[in-house]
Structures are given as structure tokens and as C-alpha cells.
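So this one's protein.tsv, TSV, C-alpha atoms:
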```tsv
chain	number	residue	atom	x	y	z
A	1	MET	CA	-62.65	47.54	-50.40
A	2	SER	CA	-62.98	51.30	-50.40
A	3	LEU	CA	-60.52	53.55	-52.21
A	4	LYS	CA	-59.43	55.03	-48.87
A	5	ALA	CA	-58.61	51.61	-47.38
A	6	LEU	CA	-56.83	50.51	-50.56
A	7	SER	CA	-54.75	53.70	-50.58
A	8	LEU	CA	-53.83	53.26	-46.93
A	9	ALA	CA	-52.78	49.64	-47.58
A	10	ALA	CA	-50.62	50.72	-50.54
A	11	ILE	CA	-48.91	53.40	-48.44
A	12	ALA	CA	-48.25	50.91	-45.64
A	13	VAL	CA	-46.71	48.38	-48.05
A	14	ALA	CA	-44.52	51.08	-49.61
A	15	ALA	CA	-43.36	52.27	-46.19
A	16	PHE	CA	-42.34	48.78	-45.07
A	17	THR	CA	-40.57	47.79	-48.31
A	18	ALA	CA	-38.67	51.05	-48.88
A	19	PRO	CA	-35.90	50.24	-46.37
A	20	ALA	CA	-35.13	47.03	-48.26
A	21	PHE	CA	-34.17	49.08	-51.32
A	22	ALA	CA	-32.25	51.77	-49.45
A	23	HIS	CA	-28.49	51.40	-49.28
A	24	HIS	CA	-25.64	53.81	-49.01
A	25	SER	CA	-22.62	54.25	-51.19
A	26	PHE	CA	-19.17	52.99	-50.24
A	27	ALA	CA	-17.60	56.19	-51.59
A	28	MET	CA	-16.74	57.35	-48.07
A	29	PHE	CA	-14.20	54.52	-47.68
A	30	ASP	CA	-10.75	54.64	-49.28
A	31	ALA	CA	-10.74	51.45	-51.36
A	32	GLU	CA	-7.09	52.08	-52.27
A	33	LYS	CA	-5.89	51.75	-48.67
A	34	THR	CA	-6.00	49.10	-46.01
A	35	VAL	CA	-5.07	49.67	-42.39
A	36	THR	CA	-4.37	46.94	-39.84
A	37	MET	CA	-4.62	47.71	-36.14
A	38	THR	CA	-4.87	45.91	-32.83
A	39	GLY	CA	-7.31	47.03	-30.21
A	40	THR	CA	-9.82	46.09	-27.56
A	41	VAL	CA	-13.46	45.41	-28.38
A	42	LYS	CA	-15.71	48.05	-26.89
A	43	GLU	CA	-18.94	46.90	-28.53
A	44	PHE	CA	-20.17	44.50	-31.20
A	45	GLU	CA	-23.57	45.39	-32.65
A	46	TRP	CA	-25.18	42.44	-34.41
A	47	THR	CA	-27.88	44.47	-36.13
A	48	ASN	CA	-29.45	45.18	-39.52
A	49	PRO	CA	-28.80	46.64	-41.98
A	50	HIS	CA	-25.11	46.55	-40.96
A	51	SER	CA	-23.30	45.15	-37.97
A	52	TRP	CA	-20.74	47.38	-36.23
A	53	LEU	CA	-17.55	46.60	-34.40
A	54	ARG	CA	-16.29	49.35	-32.12
A	55	ILE	CA	-12.75	48.98	-30.85
A	56	THR	CA	-10.43	51.06	-28.72
A	57	VAL	CA	-6.95	51.52	-30.17
A	58	GLU	CA	-4.00	53.44	-28.74
A	59	ASP	CA	-3.51	56.64	-30.75
A	60	LYS	CA	0.13	56.60	-31.86
A	61	ALA	CA	0.41	60.40	-31.77
A	62	THR	CA	-0.99	60.96	-28.28
A	63	GLY	CA	-0.64	57.55	-26.62
A	64	LYS	CA	-4.27	57.86	-25.51
A	65	PRO	CA	-7.06	55.41	-26.30
A	66	ALA	CA	-9.20	56.27	-29.32
A	67	GLN	CA	-12.42	54.59	-30.41
A	68	TRP	CA	-12.83	53.32	-33.98
A	69	ALA	CA	-16.20	52.42	-35.56
A	70	LEU	CA	-16.01	49.67	-38.17
A	71	GLU	CA	-18.93	49.01	-40.48
A	72	MET	CA	-19.56	45.37	-41.33
A	73	GLY	CA	-22.06	43.46	-43.46
A	74	SER	CA	-25.51	42.46	-42.26
A	75	PRO	CA	-25.85	39.71	-39.64
A	76	GLY	CA	-26.95	37.28	-42.36
A	77	GLN	CA	-23.90	38.05	-44.48
A	78	GLN	CA	-21.58	37.84	-41.48
A	79	ALA	CA	-23.09	34.52	-40.37
A	80	ARG	CA	-22.33	32.99	-43.78
A	81	VAL	CA	-18.59	33.47	-43.17
A	82	GLY	CA	-18.61	32.25	-39.57
A	83	TRP	CA	-19.53	35.25	-37.42
A	84	LYS	CA	-21.94	34.79	-34.52
A	85	PRO	CA	-23.53	37.38	-32.21
A	86	ASP	CA	-21.03	36.35	-29.53
A	87	SER	CA	-17.89	36.01	-31.72
A	88	VAL	CA	-16.34	38.89	-29.80
A	89	LYS	CA	-17.13	40.43	-26.44
A	90	PRO	CA	-16.17	43.70	-24.78
A	91	GLY	CA	-12.60	43.43	-23.55
A	92	ASP	CA	-11.44	40.98	-26.24
A	93	LYS	CA	-8.20	41.87	-28.05
A	94	VAL	CA	-8.57	41.77	-31.84
A	95	THR	CA	-6.48	42.67	-34.85
A	96	VAL	CA	-8.56	44.12	-37.67
A	97	THR	CA	-7.95	45.14	-41.25
A	98	ILE	CA	-10.13	47.93	-42.61
A	99	GLN	CA	-10.48	50.34	-45.47
A	100	PRO	CA	-10.38	53.70	-43.65
A	101	LEU	CA	-12.73	56.63	-44.07
A	102	LYS	CA	-11.47	59.11	-46.65
A	103	ASP	CA	-12.00	62.07	-44.32
A	104	GLY	CA	-9.48	60.70	-41.82
A	105	SER	CA	-11.93	60.20	-38.98
A	106	ARG	CA	-11.65	57.06	-36.86
A	107	GLY	CA	-13.74	54.55	-38.77
A	108	GLY	CA	-13.78	52.34	-41.77
A	109	GLN	CA	-15.15	49.42	-43.67
A	110	PHE	CA	-14.32	46.17	-41.93
A	111	MET	CA	-12.39	43.69	-44.07
A	112	SER	CA	-11.11	40.98	-41.69
A	113	ALA	CA	-10.18	40.24	-38.08
A	114	VAL	CA	-8.05	37.89	-36.05
A	115	LEU	CA	-10.01	36.99	-32.92
A	116	PRO	CA	-8.59	36.23	-29.45
A	117	GLY	CA	-8.34	32.47	-30.12
A	118	GLY	CA	-6.48	33.06	-33.39
A	119	GLN	CA	-9.51	32.47	-35.62
A	120	GLN	CA	-9.54	34.72	-38.68
A	121	LEU	CA	-12.91	35.91	-39.95
A	122	GLY	CA	-13.54	38.08	-42.97
A	123	ASN	CA	-16.17	40.37	-44.28
A	124	GLY	CA	-19.47	38.71	-45.03
A	125	GLY	CA	-20.75	40.58	-48.00
A	126	GLN	CA	-19.43	44.03	-48.69
A	127	ARG	CA	-17.21	44.79	-51.67
A	128	ASN	CA	-13.61	43.57	-51.73
A	129	ASN	CA	-14.44	40.66	-49.44
A	130	PRO	CA	-11.14	38.94	-48.62
A	131	GLN	CA	-12.90	35.56	-48.39
A	132	GLY	CA	-14.59	35.96	-51.77
A	133	ASN	CA	-18.14	35.55	-50.43
A	134	GLU	CA	-19.87	38.39	-52.21
```

Show how you would write the structure in this file as C-alpha cells.
Amino acid sequence: MSLKALSLAAIAVAAFTAPAFAHHSFAMFDAEKTVTMTGTVKEFEWTNPHSWLRITVEDKATGKPAQWALEMGSPGQQARVGWKPDSVKPGDKVTVTIQPLKDGSRGGQFMSAVLPGGQQLGNGGQRNNPQGNE
């Protein structure tokens, strides 16, 4: 194998494995606070590296709907604690507990949820998992 082909193969392997090692800090979330809110599911993204739950909640100050983006664990982590790609659908009413963003914007780290049928599901892998599945 020529040096050029070997170098190209090494670069390709490095490029495909780098995302597996990349991960962000949780410093943006306020681990000292939890917030519980009830809202309507706008979107549930079952995607790697993290799933996302977007809900619409009535803003108490204005009375208008406001969207919140909640970061969850990966689909594999979420599946281990009972989540499925269709656990929630747009329009479902849910009550969620999160650790909010420190900057006060509408988002946070998902901790747990009560789904429309009353089922409670937790976080599937991020720190401070209420179900203890770290």
C-alpha cells in the first residue's frame, strides 16, 4: 500500500471516530435548580448524539405560548429507561422536570416527564439521572 493511500485511510478513520470522543460540558445547566412545567409537545427528536424534546409552555409573565428546548440523552440511553421514538407526539400534554439553562433562556437538561397516560419516564444517561441509570 502506498504512503499516500495509507495516509488517506488514516485521515478517514480519524474523521469518522472523532465525533465519538466529542462531548460538551454540562456547565450551561444549573445543577442546583430544578423546574417543573406542563406544556404541549411540539417536537420530539429521536437523534444522536442527544435526543431533544421541544414543548410549548404558557409564559406566566405574558400569558403567551413560549417554546422550550430540552436536551435529553442519546436514543440508546433513553431506550434503556423505557423511551421509544413514539413515546410522545406533537400535541401531547406532558409535565417535565428539567435543570434550566444558567443564562435564563428557555431550555434545559431533561430530568423526567409524566406522559399523557400517566407513565413517568426519566433521563436515560445524563448526570443526576432520577432513575439511577447512569

Quiz prompt | Atom pair atom CA of A:Gln78 / atom CA of A:Asp103: separation (Å) | solution = 26.2 Å

Self-check item: Which of A:Pro75, A:Gly122, A:Gly117, A:Gly63 sits closest to A:Ile98 [using all atoms listed in the file]
Solution: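 For A:Ile98, the nearest of the candidates is A:Gly122.
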
Quiz item: Between A:Pro65, A:Gly82, A:Gly91, A:Gly107, which has the minimum distance to A:Gln120 (counting all atoms listed in the file)?
Solution: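 Closest residue, counting all atoms listed in the file: A:Gly82.
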
Quiz item: With only C-alpha atoms as the basis for distance, which of A:Lys33, A:His50, A:Arg80, A:Lys64 is at the shortest distance from A:Gly124?
Solution: A:Arg80

Practice problem: Skip A:Phe44 itself and residues of its chain fewer than 6 positions away, then list as an MDAnalysis selection string all residues within 10 Å of it, counting all atoms listed in the file. | Solution: chainID A and resid 51:55 69:70 85:90

Test item: axis-aligned box, all listed atoms of stretch 99-108 of chain A, 5 Å on each side, centre and edges in Å rounded to one decimal, as lines of an AutoDock Vina configuration file:
```
center_x = -11.6
center_y = 56.2
center_z = -41.8
size_x = 14.3
size_y = 21.7
size_z = 19.8
```

Practice problem: Find, counting only C-alpha atoms, the residue in A:Ser105, A:Gln99, A:Ser74, A:Ser112 that gets nearest to A:Glu45. | Solution: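 Smallest distance to A:Glu45 is found for A:Ser74.
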
Quiz prompt | Selection near A:Asp59, 12 Å with only C-alpha atoms, sequence-local residues under 6 positions removed, as a ChimeraX atom specification | solution = /A:37-39,65-68,106

Practice problem: Tell me, as a ChimeraX atom specification, which residues lie within 9 Å of A:Ala113, counting all atoms listed in the file; anything in the same chain fewer than 6 positions away does not count. | Solution: /A:94-98,119-123
